[in-house]
Amino acid sequence: MYLEDISPIIFEWGPVVVRWYGLMFAISVLTGFYYLRKNGLRKGFDEDTISTLFILVLVFLVIGARAVFVAVNWSYFMENPHLIIRIDQGGLAFHGGLLGGIIISWIYCRIKKLNWWALADLAVPGVATGIALVRIANIFNQEILGREAVLFFFERHPTQIYGSLIGIALLIFHNYLARRRELKPGYLFWNFVLGYTLLRGLIEETFRDNPLAAGGFVSEAWGAGFFTVVHLFTPPIVILCLLMLWWINRTQQPYREL
């Protein structure tokens, strides 16, 4: 979605600049911590453990997400190195954030002898909320733009809205699955990663105006492009998720038996 004369800034007060992206990210962080703490305490994790883990994951999530985004857009940041740390202006790659969060949380849980799988499940509501809200902020930053399409209702696809709806749909589906009686640790998390990977690859990435990999093509009529780098990474991630779900079903005990 492209809107003219829209500002990424909510208000300025002296040197303080409050942006839509920063606000949405902050709300996502607070929402994630609320659900992690609430459900973590209910499952028997102590508050210090939850708080420490959340801070570690948040720091490494941002580092991983920004590092991948900068790497993918290195030619731009090489000319503007002062913008590398300006995450308030947007530019976080989901897969980089996911990888950073998984690595640091796994290390922490190994050291503390905690059930990583159970804690990963508790992170889903916050991450899904973050996807929904940050994609709205992308509208104000005029980024994550869709491709132009001749046969579409608008000039270009509103891919930020597509991405936000994906986050909302995954949150609703997570809440539905969470009511099941025979849930096993890790099942909710890897279902979420699987769902996001498929929906982003099939919907958001198809209509998003991203560079194509070698041999790709664009349908100017429908504004659909194949294949981007994310498209190429989608099948391996889907296979990984399916393997993890298979492993969980074979090895993990249901929550009620822990």
# chains A, B, ... in the order shown; residues from 1 in each chain; ligands from 1

call {"tool": "select_by_dssp", "arguments": {"residues": "stretch 116-202 of chain A", "states": "helix (DSSP H, G or I)", "output": "mmCIF file with N, CA and C atoms, in the first residue's frame"}}
result
data_model
loop_
_atom_site.group_PDB
_atom_site.id
_atom_site.type_symbol
_atom_site.label_atom_id
_atom_site.label_comp_id
_atom_site.auth_asym_id
_atom_site.auth_seq_id
_atom_site.Cartn_x
_atom_site.Cartn_y
_atom_site.Cartn_z
ATOM 1 N N TRP A 116 13.252 -25.965 26.643
ATOM 2 C CA TRP A 116 13.215 -24.948 25.583
ATOM 3 C C TRP A 116 11.932 -25.038 24.771
ATOM 4 N N TRP A 117 11.467 -26.230 24.515
ATOM 5 C CA TRP A 117 10.296 -26.438 23.682
ATOM 6 C C TRP A 117 9.062 -25.764 24.284
ATOM 7 N N ALA A 118 8.901 -25.911 25.590
ATOM 8 C CA ALA A 118 7.751 -25.296 26.256
ATOM 9 C C ALA A 118 7.842 -23.776 26.227
ATOM 10 N N LEU A 119 9.029 -23.234 26.447
ATOM 11 C CA LEU A 119 9.206 -21.785 26.430
ATOM 12 C C LEU A 119 9.013 -21.220 25.023
ATOM 13 N N ALA A 120 9.427 -21.964 24.014
ATOM 14 C CA ALA A 120 9.237 -21.502 22.633
ATOM 15 C C ALA A 120 7.754 -21.350 22.312
ATOM 16 N N ASP A 121 6.934 -22.269 22.811
ATOM 17 C CA ASP A 121 5.493 -22.157 22.591
ATOM 18 C C ASP A 121 4.935 -20.858 23.161
ATOM 19 N N LEU A 122 5.476 -20.441 24.304
ATOM 20 C CA LEU A 122 4.962 -19.241 24.975
ATOM 21 C C LEU A 122 5.290 -17.950 24.219
ATOM 22 N N VAL A 124 4.917 -17.471 20.968
ATOM 23 C CA VAL A 124 4.134 -17.317 19.741
ATOM 24 C C VAL A 124 3.183 -16.117 19.765
ATOM 25 N N PRO A 125 2.374 -15.901 20.828
ATOM 26 C CA PRO A 125 1.444 -14.761 20.796
ATOM 27 C C PRO A 125 2.153 -13.424 20.576
ATOM 28 N N GLY A 126 3.293 -13.226 21.230
ATOM 29 C CA GLY A 126 4.022 -11.975 21.067
ATOM 30 C C GLY A 126 4.566 -11.797 19.665
ATOM 31 N N VAL A 127 5.107 -12.860 19.093
ATOM 32 C CA VAL A 127 5.670 -12.767 17.742
ATOM 33 C C VAL A 127 4.566 -12.516 16.714
ATOM 34 N N ALA A 128 3.441 -13.220 16.846
ATOM 35 C CA ALA A 128 2.328 -13.025 15.915
ATOM 36 C C ALA A 128 1.783 -11.599 16.009
ATOM 37 N N THR A 129 1.659 -11.085 17.234
ATOM 38 C CA THR A 129 1.212 -9.707 17.423
ATOM 39 C C THR A 129 2.197 -8.733 16.799
ATOM 40 N N GLY A 130 3.494 -9.006 16.970
ATOM 41 C CA GLY A 130 4.527 -8.157 16.383
ATOM 42 C C GLY A 130 4.430 -8.096 14.874
ATOM 43 N N ILE A 131 4.183 -9.242 14.238
ATOM 44 C CA ILE A 131 4.053 -9.276 12.783
ATOM 45 C C ILE A 131 2.876 -8.400 12.348
ATOM 46 N N ALA A 132 1.742 -8.547 13.040
ATOM 47 C CA ALA A 132 0.543 -7.790 12.673
ATOM 48 C C ALA A 132 0.754 -6.282 12.827
ATOM 49 N N LEU A 133 1.378 -5.852 13.920
ATOM 50 C CA LEU A 133 1.529 -4.423 14.192
ATOM 51 C C LEU A 133 2.651 -3.785 13.372
ATOM 52 N N VAL A 134 3.779 -4.472 13.248
ATOM 53 C CA VAL A 134 4.911 -3.888 12.520
ATOM 54 C C VAL A 134 4.586 -3.732 11.038
ATOM 55 N N ARG A 135 3.797 -4.645 10.489
ATOM 56 C CA ARG A 135 3.414 -4.491 9.082
ATOM 57 C C ARG A 135 2.547 -3.240 8.882
ATOM 58 N N ILE A 136 1.745 -2.884 9.877
ATOM 59 C CA ILE A 136 0.993 -1.632 9.790
ATOM 60 C C ILE A 136 1.957 -0.447 9.810
ATOM 61 N N ALA A 137 2.969 -0.525 10.664
ATOM 62 C CA ALA A 137 3.975 0.546 10.720
ATOM 63 C C ALA A 137 4.715 0.678 9.401
ATOM 64 N N ASN A 138 4.877 -0.433 8.672
ATOM 65 C CA ASN A 138 5.536 -0.379 7.370
ATOM 66 C C ASN A 138 4.795 0.524 6.387
ATOM 67 N N ILE A 139 3.491 0.665 6.573
ATOM 68 C CA ILE A 139 2.715 1.563 5.712
ATOM 69 C C ILE A 139 3.196 3.000 5.893
ATOM 70 N N PHE A 140 3.401 3.408 7.145
ATOM 71 C CA PHE A 140 3.845 4.776 7.425
ATOM 72 C C PHE A 140 5.276 5.018 6.936
ATOM 73 N N ASN A 141 6.086 3.960 6.939
ATOM 74 C CA ASN A 141 7.457 4.083 6.438
ATOM 75 C C ASN A 141 7.535 3.961 4.921
ATOM 76 N N THR A 159 0.733 -5.088 0.280
ATOM 77 C CA THR A 159 1.394 -6.229 0.923
ATOM 78 C C THR A 159 1.574 -6.035 2.426
ATOM 79 N N GLN A 160 1.628 -4.777 2.884
ATOM 80 C CA GLN A 160 1.703 -4.570 4.332
ATOM 81 C C GLN A 160 0.437 -5.092 5.007
ATOM 82 N N ILE A 161 -0.719 -4.871 4.370
ATOM 83 C CA ILE A 161 -1.983 -5.376 4.907
ATOM 84 C C ILE A 161 -2.007 -6.902 4.854
ATOM 85 N N TYR A 162 -1.510 -7.467 3.756
ATOM 86 C CA TYR A 162 -1.434 -8.930 3.662
ATOM 87 C C TYR A 162 -0.622 -9.488 4.831
ATOM 88 N N GLY A 163 0.539 -8.861 5.081
ATOM 89 C CA GLY A 163 1.410 -9.336 6.156
ATOM 90 C C GLY A 163 0.760 -9.197 7.516
ATOM 91 N N SER A 164 0.053 -8.087 7.740
ATOM 92 C CA SER A 164 -0.622 -7.885 9.016
ATOM 93 C C SER A 164 -1.720 -8.921 9.223
ATOM 94 N N LEU A 165 -2.487 -9.197 8.183
ATOM 95 C CA LEU A 165 -3.547 -10.205 8.280
ATOM 96 C C LEU A 165 -2.976 -11.595 8.526
ATOM 97 N N ILE A 166 -1.798 -11.874 7.978
ATOM 98 C CA ILE A 166 -1.137 -13.154 8.247
ATOM 99 C C ILE A 166 -0.846 -13.284 9.736
ATOM 100 N N GLY A 167 -0.320 -12.210 10.344
ATOM 101 C CA GLY A 167 -0.047 -12.244 11.773
ATOM 102 C C GLY A 167 -1.303 -12.474 12.593
ATOM 103 N N ILE A 168 -2.396 -11.797 12.229
ATOM 104 C CA ILE A 168 -3.664 -11.959 12.943
ATOM 105 C C ILE A 168 -4.202 -13.382 12.786
ATOM 106 N N ALA A 169 -4.143 -13.900 11.554
ATOM 107 C CA ALA A 169 -4.633 -15.262 11.303
ATOM 108 C C ALA A 169 -3.848 -16.291 12.098
ATOM 109 N N LEU A 170 -2.529 -16.118 12.169
ATOM 110 C CA LEU A 170 -1.695 -17.066 12.911
ATOM 111 C C LEU A 170 -1.965 -16.982 14.414
ATOM 112 N N LEU A 171 -2.255 -15.782 14.919
ATOM 113 C CA LEU A 171 -2.575 -15.632 16.336
ATOM 114 C C LEU A 171 -3.891 -16.340 16.658
ATOM 115 N N ILE A 172 -4.887 -16.173 15.807
ATOM 116 C CA ILE A 172 -6.175 -16.853 16.008
ATOM 117 C C ILE A 172 -6.000 -18.363 15.945
ATOM 118 N N PHE A 173 -5.227 -18.845 14.973
ATOM 119 C CA PHE A 173 -4.999 -20.286 14.842
ATOM 120 C C PHE A 173 -4.229 -20.826 16.039
ATOM 121 N N HIS A 174 -3.250 -20.053 16.533
ATOM 122 C CA HIS A 174 -2.502 -20.460 17.722
ATOM 123 C C HIS A 174 -3.435 -20.615 18.911
ATOM 124 N N ASN A 175 -4.318 -19.651 19.119
ATOM 125 C CA ASN A 175 -5.243 -19.725 20.249
ATOM 126 C C ASN A 175 -6.173 -20.925 20.128
ATOM 127 N N TYR A 176 -6.530 -21.279 18.897
ATOM 128 C CA TYR A 176 -7.357 -22.475 18.678
ATOM 129 C C TYR A 176 -6.587 -23.745 19.037
ATOM 130 N N LEU A 177 -5.356 -23.844 18.540
ATOM 131 C CA LEU A 177 -4.553 -25.042 18.831
ATOM 132 C C LEU A 177 -4.227 -25.163 20.320
ATOM 133 N N TYR A 187 5.119 -27.969 19.849
ATOM 134 C CA TYR A 187 4.150 -28.143 18.767
ATOM 135 C C TYR A 187 3.599 -26.802 18.291
ATOM 136 N N LEU A 188 3.246 -25.922 19.222
ATOM 137 C CA LEU A 188 2.681 -24.629 18.857
ATOM 138 C C LEU A 188 3.700 -23.751 18.130
ATOM 139 N N PHE A 189 4.930 -23.775 18.607
ATOM 140 C CA PHE A 189 5.970 -22.928 18.013
ATOM 141 C C PHE A 189 6.260 -23.331 16.578
ATOM 142 N N TRP A 190 6.485 -24.614 16.333
ATOM 143 C CA TRP A 190 6.853 -25.039 14.982
ATOM 144 C C TRP A 190 5.663 -24.996 14.034
ATOM 145 N N ASN A 191 4.441 -25.136 14.558
ATOM 146 C CA ASN A 191 3.270 -24.904 13.718
ATOM 147 C C ASN A 191 3.187 -23.453 13.290
ATOM 148 N N PHE A 192 3.533 -22.556 14.213
ATOM 149 C CA PHE A 192 3.531 -21.134 13.883
ATOM 150 C C PHE A 192 4.573 -20.823 12.801
ATOM 151 N N VAL A 193 5.797 -21.326 12.968
ATOM 152 C CA VAL A 193 6.849 -21.072 11.977
ATOM 153 C C VAL A 193 6.440 -21.650 10.624
ATOM 154 N N LEU A 194 5.855 -22.835 10.638
ATOM 155 C CA LEU A 194 5.400 -23.455 9.393
ATOM 156 C C LEU A 194 4.323 -22.603 8.728
ATOM 157 N N GLY A 195 3.339 -22.175 9.515
ATOM 158 C CA GLY A 195 2.255 -21.375 8.959
ATOM 159 C C GLY A 195 2.740 -20.049 8.402
ATOM 160 N N TYR A 196 3.621 -19.384 9.141
ATOM 161 C CA TYR A 196 4.124 -18.096 8.675
ATOM 162 C C TYR A 196 4.959 -18.259 7.408
ATOM 163 N N THR A 197 5.791 -19.280 7.376
ATOM 164 C CA THR A 197 6.640 -19.513 6.211
ATOM 165 C C THR A 197 5.797 -19.738 4.962
ATOM 166 N N LEU A 198 4.762 -20.570 5.083
ATOM 167 C CA LEU A 198 3.906 -20.858 3.932
ATOM 168 C C LEU A 198 3.113 -19.623 3.493
ATOM 169 N N LEU A 199 2.483 -18.937 4.450
ATOM 170 C CA LEU A 199 1.646 -17.795 4.100
ATOM 171 C C LEU A 199 2.472 -16.636 3.556
ATOM 172 N N ARG A 200 3.627 -16.396 4.163
ATOM 173 C CA ARG A 200 4.456 -15.313 3.639
ATOM 174 C C ARG A 200 4.971 -15.653 2.243
ATOM 175 N N GLY A 201 5.422 -16.893 2.072
ATOM 176 C CA GLY A 201 5.959 -17.283 0.771
ATOM 177 C C GLY A 201 4.906 -17.270 -0.327
ATOM 178 N N LEU A 202 3.705 -17.770 -0.021
ATOM 179 C CA LEU A 202 2.670 -17.895 -1.038
ATOM 180 C C LEU A 202 1.921 -16.599 -1.300
#

call {"tool": "residues_around", "arguments": {"residues": "A:Val72", "least_positions_apart": "5", "cutoff": "12 Å", "atoms": "only C-alpha atoms", "output": "ChimeraX atom specification"}}
result
/A:65-67,77-78,91-93,95-96,210-211,229-230

call {"tool": "closest_residue", "arguments": {"among": "A:Tyr35, A:Gly22, A:Phe60, A:Asn249", "to": "A:Arg86", "atoms": "only C-alpha atoms"}}
result
A:Gly22

call {"tool": "closest_residue", "arguments": {"among": "A:Glu148, A:Ser51, A:Gln142, A:Phe94", "to": "A:Trp20", "atoms": "only C-alpha atoms"}}
result
A:Gln142

call {"tool": "residues_around", "arguments": {"residues": "A:Leu99", "least_positions_apart": "4", "cutoff": "8 Å", "atoms": "only C-alpha atoms", "output": "number ranges by chain"}}
result
A: 61, 64, 95, 103

call {"tool": "atom_distance", "arguments": {"atom1": "atom CA of A:Asn115", "atom2": "atom CA of A:Arg180"}}
result
19.7 Å

call {"tool": "select_by_dssp", "arguments": {"residues": "stretch 49-242 of chain A", "states": "strand (DSSP E or B)", "output": "JSON, numbers by chain"}}
result
{"A": [146, 148, 156, 208, 217, 218, 219, 224, 225, 226]}

call {"tool": "atom_distance", "arguments": {"atom1": "atom CA of A:Ile87", "atom2": "atom CA of A:Ala26"}}
result
11.9 Å

call {"tool": "atom_distance", "arguments": {"atom1": "atom CA of A:Pro235", "atom2": "atom CA of A:Ala149"}}
result
26.3 Å

call {"tool": "closest_residue", "arguments": {"among": "A:Glu204, A:Gly32, A:Val70, A:Leu145", "to": "A:Leu83", "atoms": "only C-alpha atoms"}}
result
A:Val70
